[in-house]
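Student: File follows, coords20.cif with mmCIF, C-alpha atoms:
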data_my_file
#
loop_
_atom_site.group_PDB
_atom_site.id
_atom_site.type_symbol
_atom_site.label_atom_id
_atom_site.label_comp_id
_atom_site.auth_asym_id
_atom_site.auth_seq_id
_atom_site.Cartn_x
_atom_site.Cartn_y
_atom_site.Cartn_z
ATOM 1 C CA MET S 25 34.652 7.978 -8.020
ATOM 2 C CA SER S 26 34.306 10.989 -5.730
ATOM 3 C CA VAL S 27 32.007 10.741 -2.727
ATOM 4 C CA ARG S 28 28.700 12.486 -3.379
ATOM 5 C CA GLU S 29 26.896 14.343 -0.596
ATOM 6 C CA ASN S 30 23.842 12.442 0.618
ATOM 7 C CA PRO S 31 20.728 14.690 0.775
ATOM 8 C CA PHE S 32 18.335 11.900 1.842
ATOM 9 C CA GLY S 33 19.583 10.535 5.173
ATOM 10 C CA GLN S 34 20.822 7.006 5.841
ATOM 11 C CA VAL S 35 18.109 5.292 7.891
ATOM 12 C CA LEU S 36 14.927 5.829 5.900
ATOM 13 C CA VAL S 37 11.618 4.239 6.865
ATOM 14 C CA ALA S 38 9.225 3.109 4.128
ATOM 15 C CA LEU S 39 6.332 4.453 6.162
ATOM 16 C CA VAL S 40 3.036 2.614 6.593
ATOM 17 C CA THR S 41 -0.062 4.825 6.348
ATOM 18 C CA PRO S 42 -2.211 4.238 9.452
ATOM 19 C CA PHE S 43 -5.939 3.924 8.692
ATOM 20 C CA THR S 44 -9.070 4.018 10.794
ATOM 21 C CA ALA S 45 -11.255 0.907 11.005
ATOM 22 C CA ASP S 46 -13.318 2.137 8.047
ATOM 23 C CA GLY S 47 -10.300 2.694 5.826
ATOM 24 C CA GLU S 48 -9.825 6.449 6.114
ATOM 25 C CA VAL S 49 -6.368 7.884 6.795
ATOM 26 C CA ASP S 50 -5.856 8.201 10.552
ATOM 27 C CA TRP S 51 -4.144 11.592 10.521
ATOM 28 C CA PRO S 52 -3.375 11.749 14.268
ATOM 29 C CA GLY S 53 -2.023 8.193 13.909
ATOM 30 C CA VAL S 54 0.160 9.299 10.993
ATOM 31 C CA GLU S 55 1.638 12.108 13.085
ATOM 32 C CA LYS S 56 2.306 9.817 16.031
ATOM 33 C CA HIS S 57 3.912 7.129 13.881
ATOM 34 C CA ILE S 58 6.193 9.582 12.093
ATOM 35 C CA ASP S 59 7.348 10.968 15.436
ATOM 36 C CA ASP S 60 7.891 7.420 16.755
ATOM 37 C CA VAL S 61 10.181 6.336 13.914
ATOM 38 C CA ILE S 62 12.199 9.549 13.978
ATOM 39 C CA THR S 63 12.628 9.263 17.741
ATOM 40 C CA ALA S 64 13.820 5.672 17.198
ATOM 41 C CA GLY S 65 16.646 6.821 14.921
ATOM 42 C CA ALA S 66 15.302 7.407 11.408
ATOM 43 C CA ASP S 67 16.738 10.422 9.611
ATOM 44 C CA GLY S 68 14.474 10.019 6.589
ATOM 45 C CA ILE S 69 10.894 8.926 5.924
ATOM 46 C CA VAL S 70 9.412 7.816 2.620
ATOM 47 C CA VAL S 71 5.695 8.572 2.478
ATOM 48 C CA THR S 72 3.326 7.264 -0.221
ATOM 49 C CA GLY S 73 5.618 4.408 -1.174
ATOM 50 C CA THR S 74 4.634 0.776 -1.704
ATOM 51 C CA THR S 75 4.510 0.203 2.056
ATOM 52 C CA GLY S 76 2.349 3.315 2.413
ATOM 53 C CA GLU S 77 -0.236 1.744 0.074
ATOM 54 C CA THR S 78 0.292 4.404 -2.574
ATOM 55 C CA SER S 79 -1.788 2.542 -5.167
ATOM 56 C CA THR S 80 -4.936 3.007 -3.059
ATOM 57 C CA LEU S 81 -4.263 6.554 -1.835
ATOM 58 C CA THR S 82 -5.911 9.513 -3.556
ATOM 59 C CA ASP S 83 -3.742 12.328 -4.851
ATOM 60 C CA PRO S 84 -4.928 14.738 -2.118
ATOM 61 C CA GLU S 85 -4.023 12.135 0.517
ATOM 62 C CA LYS S 86 -0.561 11.758 -1.004
ATOM 63 C CA ILE S 87 0.114 15.487 -0.908
ATOM 64 C CA LYS S 88 -1.223 15.829 2.633
ATOM 65 C CA LEU S 89 1.102 13.030 3.778
ATOM 66 C CA VAL S 90 4.040 15.123 2.579
ATOM 67 C CA GLU S 91 2.704 18.181 4.391
ATOM 68 C CA VAL S 92 2.113 16.258 7.618
ATOM 69 C CA GLY S 93 5.516 14.589 7.333
ATOM 70 C CA LYS S 94 7.262 17.937 7.017
ATOM 71 C CA LYS S 95 5.359 19.380 9.972
ATOM 72 C CA VAL S 96 6.100 16.452 12.290
ATOM 73 C CA ALA S 97 9.704 15.962 11.162
ATOM 74 C CA ALA S 98 10.415 19.645 11.819
ATOM 75 C CA GLY S 99 13.908 19.347 10.400
ATOM 76 C CA ARG S 100 14.767 16.116 12.240
ATOM 77 C CA ALA S 101 14.426 13.924 9.138
ATOM 78 C CA LYS S 102 14.124 14.283 5.386
ATOM 79 C CA VAL S 103 10.732 13.658 3.804
ATOM 80 C CA ILE S 104 10.827 11.735 0.529
ATOM 81 C CA THR S 105 7.723 11.184 -1.571
ATOM 82 C CA GLY S 106 7.460 7.809 -3.286
ATOM 83 C CA GLY S 107 4.919 6.085 -5.452
ATOM 84 C CA GLY S 108 4.532 8.238 -8.488
ATOM 85 C CA SER S 109 2.644 6.736 -11.376
ATOM 86 C CA ASN S 110 3.135 4.523 -14.402
ATOM 87 C CA GLU S 111 1.804 7.444 -16.458
ATOM 88 C CA THR S 112 4.621 9.951 -16.931
ATOM 89 C CA ALA S 113 2.397 13.054 -17.079
ATOM 90 C CA HIS S 114 0.560 12.068 -13.892
ATOM 91 C CA ALA S 115 3.844 11.320 -12.119
ATOM 92 C CA ILE S 116 5.144 14.782 -13.056
ATOM 93 C CA GLU S 117 1.999 16.380 -11.619
ATOM 94 C CA LEU S 118 2.345 14.447 -8.365
ATOM 95 C CA TYR S 119 6.018 15.216 -7.878
ATOM 96 C CA ARG S 120 5.575 18.917 -8.646
ATOM 97 C CA ALA S 121 2.739 19.069 -6.119
ATOM 98 C CA SER S 122 4.895 17.210 -3.594
ATOM 99 C CA GLU S 123 7.711 19.688 -4.116
ATOM 100 C CA ARG S 124 5.312 22.561 -3.434
ATOM 101 C CA ALA S 125 4.147 20.716 -0.308
ATOM 102 C CA GLY S 126 7.707 20.669 1.020
ATOM 103 C CA ALA S 127 9.176 17.296 0.034
ATOM 104 C CA ASP S 128 12.954 17.027 0.339
ATOM 105 C CA GLY S 129 13.274 14.430 -2.415
ATOM 106 C CA VAL S 130 11.351 12.142 -4.740
ATOM 107 C CA MET S 131 11.571 8.408 -5.318
ATOM 108 C CA ILE S 132 10.532 7.284 -8.808
ATOM 109 C CA VAL S 133 9.493 3.671 -9.205
ATOM 110 C CA THR S 134 10.037 1.952 -12.544
ATOM 111 C CA PRO S 135 6.801 2.248 -14.571
ATOM 112 C CA TYR S 136 4.735 -0.834 -13.828
ATOM 113 C CA TYR S 137 2.177 -2.865 -15.777
ATOM 114 C CA ASN S 138 2.706 -1.112 -19.140
ATOM 115 C CA LYS S 139 6.108 -2.864 -19.324
ATOM 116 C CA PRO S 140 8.132 -0.197 -21.180
ATOM 117 C CA THR S 141 11.449 -0.769 -22.912
ATOM 118 C CA GLN S 142 14.631 0.503 -21.300
ATOM 119 C CA SER S 143 14.395 3.561 -23.553
ATOM 120 C CA GLY S 144 10.898 4.251 -22.236
ATOM 121 C CA ILE S 145 12.026 3.802 -18.634
ATOM 122 C CA LEU S 146 14.922 6.201 -19.135
ATOM 123 C CA THR S 147 12.678 8.788 -20.792
ATOM 124 C CA HIS S 148 10.191 8.500 -17.894
ATOM 125 C CA PHE S 149 12.964 9.084 -15.349
ATOM 126 C CA ARG S 150 14.541 11.970 -17.249
ATOM 127 C CA LEU S 151 11.305 13.867 -17.839
ATOM 128 C CA ILE S 152 10.324 13.632 -14.173
ATOM 129 C CA ALA S 153 13.812 14.674 -13.071
ATOM 130 C CA ASP S 154 13.616 17.617 -15.501
ATOM 131 C CA ALA S 155 10.314 18.699 -13.949
ATOM 132 C CA THR S 156 11.543 19.091 -10.356
ATOM 133 C CA ASP S 157 14.490 20.659 -8.580
ATOM 134 C CA LEU S 158 14.380 17.929 -5.934
ATOM 135 C CA PRO S 159 16.996 15.160 -5.723
ATOM 136 C CA VAL S 160 15.763 11.891 -7.207
ATOM 137 C CA ILE S 161 16.017 8.267 -6.068
ATOM 138 C CA LEU S 162 15.261 5.628 -8.717
ATOM 139 C CA TYR S 163 13.436 2.593 -7.337
ATOM 140 C CA ASP S 164 14.486 -0.700 -8.957
ATOM 141 C CA ILE S 165 12.042 -3.435 -7.907
ATOM 142 C CA PRO S 166 11.372 -5.776 -10.841
ATOM 143 C CA GLY S 167 9.468 -8.236 -8.639
ATOM 144 C CA ARG S 168 6.638 -5.684 -8.475
ATOM 145 C CA THR S 169 7.057 -3.652 -11.659
ATOM 146 C CA GLY S 170 7.800 -6.517 -14.039
ATOM 147 C CA VAL S 171 10.905 -4.849 -15.520
ATOM 148 C CA PRO S 172 14.361 -4.163 -14.071
ATOM 149 C CA ILE S 173 16.404 -1.018 -14.564
ATOM 150 C CA ARG S 174 19.293 -2.479 -16.513
ATOM 151 C CA TYR S 175 22.923 -1.640 -15.832
ATOM 152 C CA GLU S 176 23.302 0.394 -19.025
ATOM 153 C CA THR S 177 20.164 2.388 -18.197
ATOM 154 C CA LEU S 178 21.500 3.202 -14.744
ATOM 155 C CA LEU S 179 24.742 4.496 -16.246
ATOM 156 C CA ARG S 180 22.796 6.749 -18.611
ATOM 157 C CA ALA S 181 20.387 7.933 -15.918
ATOM 158 C CA ALA S 182 23.313 8.788 -13.639
ATOM 159 C CA LYS S 183 24.326 11.567 -16.026
ATOM 160 C CA HIS S 184 21.198 13.563 -15.128
ATOM 161 C CA PRO S 185 22.097 16.199 -12.509
ATOM 162 C CA ASN S 186 18.986 15.532 -10.386
ATOM 163 C CA ILE S 187 19.201 11.707 -10.391
ATOM 164 C CA LEU S 188 21.387 10.988 -7.391
ATOM 165 C CA ALA S 189 20.459 7.579 -6.010
ATOM 166 C CA VAL S 190 18.965 4.112 -6.452
ATOM 167 C CA LYS S 191 16.810 2.107 -4.074
ATOM 168 C CA ASP S 192 17.790 -1.454 -4.913
ATOM 169 C CA ALA S 193 15.340 -4.299 -4.380
ATOM 170 C CA LYS S 194 16.823 -6.403 -7.159
ATOM 171 C CA GLY S 195 19.579 -7.915 -5.040
ATOM 172 C CA ASP S 196 22.216 -8.227 -7.756
ATOM 173 C CA PHE S 197 25.229 -7.279 -5.670
ATOM 174 C CA SER S 198 27.728 -7.607 -8.495
ATOM 175 C CA GLU S 199 25.708 -5.076 -10.487
ATOM 176 C CA VAL S 200 25.483 -2.747 -7.494
ATOM 177 C CA SER S 201 29.278 -2.849 -7.168
ATOM 178 C CA ARG S 202 29.672 -2.225 -10.884
ATOM 179 C CA VAL S 203 27.398 0.833 -10.838
ATOM 180 C CA LEU S 204 29.049 2.181 -7.687
ATOM 181 C CA ASN S 205 32.438 1.849 -9.389
ATOM 182 C CA GLN S 206 31.352 3.657 -12.554
ATOM 183 C CA THR S 207 29.010 6.387 -11.294
ATOM 184 C CA GLU S 208 28.480 8.693 -8.325
ATOM 185 C CA LEU S 209 25.038 7.228 -7.646
ATOM 186 C CA LEU S 210 24.169 6.603 -4.007
ATOM 187 C CA TYR S 211 22.609 3.232 -3.215
ATOM 188 C CA PHE S 212 19.942 2.406 -0.647
ATOM 189 C CA SER S 213 19.069 -1.140 0.296
ATOM 190 C CA GLY S 214 15.453 -1.882 -0.551
ATOM 191 C CA ASP S 215 15.495 -5.386 0.905
ATOM 192 C CA ASP S 216 15.370 -5.595 4.701
ATOM 193 C CA ALA S 217 17.257 -8.891 4.811
ATOM 194 C CA ASN S 218 20.140 -7.460 2.781
ATOM 195 C CA VAL S 219 20.794 -4.146 4.499
ATOM 196 C CA LEU S 220 24.193 -5.118 5.915
ATOM 197 C CA PRO S 221 25.394 -6.797 2.675
ATOM 198 C CA HIS S 222 24.421 -3.666 0.736
ATOM 199 C CA LEU S 223 26.213 -1.388 3.192
ATOM 200 C CA SER S 224 29.285 -3.613 3.177
ATOM 201 C CA ILE S 225 29.843 -3.024 -0.546
ATOM 202 C CA GLY S 226 29.325 0.724 -0.408
ATOM 203 C CA ALA S 227 25.608 1.511 -0.117
ATOM 204 C CA SER S 228 24.787 4.740 1.684
ATOM 205 C CA GLY S 229 21.798 3.538 3.679
ATOM 206 C CA LEU S 230 18.469 1.739 3.628
ATOM 207 C CA ILE S 231 14.795 2.310 2.969
ATOM 208 C CA GLY S 232 13.186 -0.290 5.191
ATOM 209 C CA VAL S 233 9.792 -1.743 6.048
ATOM 210 C CA THR S 234 10.799 -3.458 9.295
ATOM 211 C CA ALA S 235 12.104 -0.080 10.478
ATOM 212 C CA ASN S 236 8.449 0.875 11.035
ATOM 213 C CA VAL S 237 8.561 -1.467 14.032
ATOM 214 C CA THR S 238 12.012 -0.409 15.211
ATOM 215 C CA ALA S 239 14.465 1.863 13.445
ATOM 216 C CA THR S 240 16.960 1.724 16.303
ATOM 217 C CA PRO S 241 18.868 -1.448 15.266
ATOM 218 C CA TYR S 242 19.182 -0.071 11.737
ATOM 219 C CA ARG S 243 20.594 3.130 13.196
ATOM 220 C CA ARG S 244 23.096 0.981 15.095
ATOM 221 C CA ILE S 245 24.045 -0.952 11.941
ATOM 222 C CA VAL S 246 24.585 2.187 9.882
ATOM 223 C CA ASP S 247 26.549 3.952 12.613
ATOM 224 C CA ALA S 248 28.706 0.849 13.128
ATOM 225 C CA VAL S 249 29.442 0.529 9.410
ATOM 226 C CA ASN S 250 30.316 4.223 9.282
ATOM 227 C CA ALA S 251 32.754 3.618 12.157
ATOM 228 C CA GLY S 252 34.233 0.484 10.572
ATOM 229 C CA ASP S 253 32.860 -1.706 13.366
ATOM 230 C CA LEU S 254 31.753 -4.829 11.501
ATOM 231 C CA ALA S 255 31.283 -6.889 14.678
ATOM 232 C CA THR S 256 28.630 -4.532 16.071
ATOM 233 C CA ALA S 257 26.900 -4.245 12.701
ATOM 234 C CA THR S 258 26.812 -8.010 12.323
ATOM 235 C CA ALA S 259 25.422 -8.520 15.824
ATOM 236 C CA GLN S 260 22.578 -6.099 15.113
ATOM 237 C CA HIS S 261 21.928 -7.760 11.747
ATOM 238 C CA LYS S 262 21.612 -11.166 13.438
ATOM 239 C CA ALA S 263 19.349 -9.812 16.163
ATOM 240 C CA LEU S 264 17.021 -8.303 13.543
ATOM 241 C CA GLU S 265 16.757 -11.444 11.422
ATOM 242 C CA PRO S 266 13.671 -13.040 13.090
ATOM 243 C CA LEU S 267 11.793 -9.732 13.018
ATOM 244 C CA VAL S 268 12.663 -9.195 9.353
ATOM 245 C CA ARG S 269 11.404 -12.710 8.629
ATOM 246 C CA ALA S 270 8.162 -11.990 10.489
ATOM 247 C CA ILE S 271 7.523 -8.798 8.548
ATOM 248 C CA MET S 272 8.745 -9.744 5.094
ATOM 249 C CA THR S 273 7.994 -13.453 4.570
ATOM 250 C CA HIS S 274 4.402 -14.542 5.060
ATOM 251 C CA VAL S 275 2.217 -11.678 3.807
ATOM 252 C CA PRO S 276 2.966 -8.339 2.129
ATOM 253 C CA GLY S 277 5.235 -6.230 4.315
ATOM 254 C CA THR S 278 2.584 -3.543 4.755
ATOM 255 C CA VAL S 279 0.112 -6.078 6.133
ATOM 256 C CA ALA S 280 2.578 -7.666 8.553
ATOM 257 C CA ALA S 281 4.000 -4.341 9.720
ATOM 258 C CA LYS S 282 0.521 -3.018 10.537
ATOM 259 C CA TYR S 283 -0.417 -6.262 12.283
ATOM 260 C CA VAL S 284 2.676 -6.043 14.482
ATOM 261 C CA LEU S 285 2.406 -2.301 15.120
ATOM 262 C CA HIS S 286 -1.215 -2.726 16.212
ATOM 263 C CA GLY S 287 -0.300 -5.649 18.476
ATOM 264 C CA LEU S 288 2.286 -3.388 20.110
ATOM 265 C CA GLY S 289 -0.311 -0.644 20.615
ATOM 266 C CA ARG S 290 1.504 1.720 18.287
ATOM 267 C CA ILE S 291 -1.331 2.259 15.766
ATOM 268 C CA SER S 292 -5.075 2.218 16.439
ATOM 269 C CA THR S 293 -6.000 -0.442 13.855
ATOM 270 C CA PRO S 294 -4.137 -2.861 11.580
ATOM 271 C CA ARG S 295 -6.498 -1.980 8.721
ATOM 272 C CA VAL S 296 -5.292 -2.063 5.111
ATOM 273 C CA ARG S 297 -7.157 -0.997 1.993
ATOM 274 C CA LEU S 298 -8.495 -3.517 -0.475
ATOM 275 C CA PRO S 299 -7.334 -5.419 -2.425
ATOM 276 C CA LEU S 300 -4.887 -5.935 0.464
ATOM 277 C CA VAL S 301 -6.381 -7.862 3.353
ATOM 278 C CA GLY S 302 -5.165 -8.640 6.838
ATOM 279 C CA PRO S 303 -3.446 -11.951 7.570
ATOM 280 C CA GLU S 304 -5.554 -15.080 7.737
ATOM 281 C CA ASP S 305 -5.290 -17.065 10.962
ATOM 282 C CA PHE S 306 -2.538 -19.344 9.694
ATOM 283 C CA GLU S 307 -0.536 -16.363 8.401
ATOM 284 C CA ALA S 308 -0.996 -14.489 11.678
ATOM 285 C CA ALA S 309 0.210 -17.583 13.523
ATOM 286 C CA GLN S 310 3.329 -17.696 11.329
ATOM 287 C CA ILE S 311 4.080 -14.046 12.079
ATOM 288 C CA GLU S 312 3.589 -14.630 15.807
ATOM 289 C CA ASP S 313 5.853 -17.709 15.728
ATOM 290 C CA GLU S 314 8.640 -15.633 14.176
ATOM 291 C CA LEU S 315 8.174 -12.873 16.756
ATOM 292 C CA ALA S 316 8.570 -15.445 19.527
ATOM 293 C CA LEU S 317 12.132 -15.984 18.247
ATOM 294 C CA VAL S 318 13.084 -12.313 18.556
ATOM 295 C CA GLY S 319 15.406 -11.852 21.486
ATOM 296 C CA GLU S 320 16.494 -8.561 22.981
ATOM 297 C CA LEU S 321 16.167 -5.902 20.322
ATOM 298 C CA GLU S 322 16.797 -2.284 21.131
ATOM 299 C CA GLY S 323 13.821 -0.027 20.557
ATOM 300 C CA VAL S 324 11.074 -2.664 20.833
ATOM 301 C CA SER S 325 9.854 -5.309 23.254
ATOM 302 C CA PHE S 326 7.373 -8.043 22.404
ATOM 303 C CA GLU S 327 6.572 -8.946 26.012
ATOM 304 C CA ASN S 328 3.362 -6.918 25.768
ATOM 305 C CA PHE S 329 2.523 -7.890 22.184
ATOM 306 C CA ARG S 330 -1.245 -8.393 21.988
ATOM 307 C CA PRO S 331 -2.276 -9.437 18.484
ATOM 308 C CA ASP S 332 -5.897 -8.940 17.433
ATOM 309 C CA ARG S 333 -6.673 -11.219 14.502
ATOM 310 C CA ASN S 334 -10.298 -10.098 14.361
ATOM 311 C CA ALA S 335 -9.313 -6.452 13.943
ATOM 312 C CA ALA S 336 -6.889 -7.410 11.174
ATOM 313 C CA ALA S 337 -9.302 -9.592 9.217
ATOM 314 C CA GLY S 338 -10.266 -8.487 5.726
ATOM 315 C CA GLY S 339 -9.592 -5.151 4.117
ATOM 316 C CA ALA S 340 -11.385 -1.827 3.868
ATOM 317 C CA LEU S 341 -12.806 0.503 1.244
ATOM 318 C CA PRO S 342 -12.622 4.159 2.286
ATOM 319 C CA LYS S 343 -15.935 5.968 2.604
ATOM 320 C CA VAL S 344 -14.987 8.404 -0.134
ATOM 321 C CA ALA S 345 -13.687 6.151 -2.859
ATOM 322 C CA GLY S 346 -11.704 8.012 -5.482
ATOM 323 C CA THR S 347 -9.468 7.390 -8.434
ATOM 324 C CA THR S 348 -5.829 8.306 -8.152
ATOM 325 C CA ARG S 349 -6.364 11.421 -10.249
#
Let me see whether you can do it: turn the structure in this file into C-alpha cells.

Tutor:
Amino acid sequence: MSVRENPFGQVLVALVTPFTADGEVDWPGVEKHIDDVITAGADGIVVTGTTGETSTLTDPEKIKLVEVGKKVAAGRAKVITGGGSNETAHAIELYRASERAGADGVMIVTPYYNKPTQSGILTHFRLIADATDLPVILYDIPGRTGVPIRYETLLRAAKHPNILAVKDAKGDFSEVSRVLNQTELLYFSGDDANVLPHLSIGASGLIGVTANVTATPYRRIVDAVNAGDLATATAQHKALEPLVRAIMTHVPGTVAAKYVLHGLGRISTPRVRLPLVGPEDFEAAQIEDELALVGELEGVSFENFRPDRNAAAGGALPKVAGTTR
C-alpha cells in the first residue's frame, strides 16, 4: 500500500486533566501540563480521552480543553479530541463543537455499554466521520468498551475518506499487520508496554499514558525507529519498562499518572473524579516500589519524588455537578 501522510503526529500524549482539590478543572494546571509534555517531545495531545476522565467531564469542559490545548500548543503539536459518546447523535454534536473550537482531529471510541453489532459500530463511525471535515482515529479498546472492532469492519471503515487511523489497544499484532497490508490506515499503539512492538511492524506512532510523566523516551524510540536504529529504540523501551509498569499495572492509568505527577511537583493535586479514587496505601506502595526500579530516564528524575498519599486518597465530586449533555 502507498504511504499515507500522517496529520496527527507520532508521539501523542493521552492527556490527564488536572483538577483542584475539590474536583474542578485546574485550568492553569492544564496549560502548564500541556506545555510540559510538548516541551518533552510530544507532537500531539489527546484531550478528553479515557485518561482525561472524559466520562466525568461536562460538555463545556470538553470543548474548553480543546480551546486551551490549541492556545498552548500554538502550532507545536496537534490537538486531538477523544471521548465522544456511545450515543451517535451526542457524539456528532461534540465532535462538531470540537472542530469549531479548533481541534486538528477526532478520536472515536467504539460505542460502549450498549454493545452494538459490527454493523452498528460501522454506522456510528461513518455518520460521525460524515459530520466533520477533521481526520478521524478509531479507538479499538474492547477491554473497556466490551466489543472489538473486527478485522472486516476495519477494512470497510478504511474506505471512508475521513477515517485515517486506528488507536489499537487490542494487542492482536497479526491483525494489525493484516490491516496494514490491506489498507492505508495509520496505526497508533494504545498500549504503553507495546509501543516498540507496534512500531516494529509498521505503526506510525503512539498515544500514551506514561508519556504524561515523560514523553522524551517515546520521542527517542520513535526517532530511532524512523532512522532504522533498533538498538537505541530497544534501549529506551527497556529503560521505560519499570515506569510503564508503575503507571499501568496497579490502578487505572489516570490514577497512577496523577499520583506520580503530583509526587514530582508537576500538578497541584492528584485528585480524580468519582467513581475513580486515588490509590489505597498498598497500591501506592506498589507504584512507589516500581518507581524505585526506574534507572536513568531522560526527561524525568525520581530523586525528588515526594508522594502524598493523603492528598491522593478518595475521589472528588465537582461543585457544579452536571450531566454530560

Student: So that I can check the surroundings of Gly287 (chain S), please list as a list in words every protein, DNA and RNA residue that reaches within 7 Å of it, counting all atoms listed in the file and ignoring chain neighbours fewer than 3 positions away.

Tutor: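 Within the cut-off, the hits are Tyr283, Val284, Phe329, Arg330, Pro331 and Asp332 of chain S.
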
Student: Between S:Ala309, S:Leu288, S:Leu254, S:Leu178, which residue has the minimum interatomic distance to Ala270 (chain S), considering all atoms listed in the file?

Tutor: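 Looking only at the distances to Ala270 (chain S), the closest residue turns out to be S:Ala309.
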
Student: Could you please determine the separation between CA of Lys282 (chain S) and CA of Val296 (chain S) in Å, to one decimal place?

Tutor: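 Answer for the CA of Lys282 (chain S) to CA of Val296 (chain S) separation: 8.0 Å.
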
Student: Kindly resolve the PyMOL selection byres ((chain S and resi 238-251) around 8) on the present coordinates and return the residues as a PyMOL selection string.

Tutor: chain S and resi 34-35+37+61+64-66+220+223-224+229+234-237+252-254+256-258+260-261+264+321-324

Student: Between S:Thr74, S:Thr156, S:Ser213, S:Asn205, which has the minimum distance to Pro185 (chain S) (counting only C-alpha atoms)?

Tutor: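 Comparing S:Thr74, S:Thr156, S:Ser213, S:Asn205 against Pro185 (chain S), the winner is S:Thr156.
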
Student: Nearest residue to Asp154 (chain S) out of S:Ala181, S:Ile87, S:Leu341, S:Val200, using only C-alpha atoms?

Tutor: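 Among S:Ala181, S:Ile87, S:Leu341, S:Val200, it is S:Ala181 that comes nearest to Asp154 (chain S).
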
Student: Would you translate the PyMOL selection byres ((chain S and resi 72) around 10) into the concrete set of residues it matches in this file, as a list in words?

Tutor: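 Checked against the file, the PyMOL selection byres ((chain S and resi 72) around 10) matches Ala38, Leu39, Val40, Thr41, Ile69, Val70, Val71, Gly73, Thr74, Thr75, Gly76, Glu77, Thr78, Ser79, Thr80, Leu81, Asp83, Glu85, Lys86, Ile87, Leu89, Val90, Ile104, Thr105, Gly106, Gly107, Gly108 and Met131 of chain S.
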
Student: Under the rule that only C-alpha atoms are counted, which of S:Ser228, S:Thr293, S:Asn186, S:Ser325 is the nearest residue to Val130 (chain S)?

Tutor: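 Looking only at the distances to Val130 (chain S), the closest residue turns out to be S:Asn186.
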
Student: Distance cut-off 10 Å, centre (-9.5, -0.8, 3.3) in file coordinates, counting all atoms listed in the file: which residues qualify? Return them as a PyMOL selection string.

Tutor: chain S and resi 43-49+80+295-302+338-343

Student: Could you check how far CA of Thr177 (chain S) sits from CA of Asp216 (chain S), in Å to one decimal?

Tutor: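 Rounded to one decimal, the two atoms are 24.7 Å apart.
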
Student: Might you pull out every residue within 6 Å of Val54 (chain S), with all atoms listed in the file counted and same-chain residues fewer than 3 positions away left off, and present them as a ChimeraX atom specification?

Tutor: /S:42,51,57

Student: Pick from S:Ala217, S:Leu146, S:Ala280, S:Ala115: nearest to Arg333 (chain S), with all atoms listed in the file counted?

Tutor: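 Distance minimum relative to Arg333 (chain S) lands on S:Ala280.
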
Student: Record the distance separating CA of Asp67 (chain S) and CA of Thr82 (chain S), expressed in Å with one decimal.

Tutor: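 Calculated distance between CA of Asp67 (chain S) and CA of Thr82 (chain S) is 26.2 Å.
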
Student: Name the closest residue to Leu209 (chain S) among the candidates S:Val268, S:Val103, S:Ala227, S:Leu158; distances are taken between atoms, counting only C-alpha atoms.

Tutor: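 Of S:Val268, S:Val103, S:Ala227, S:Leu158, the one nearest Leu209 (chain S) is S:Ala227, counting only C-alpha atoms.
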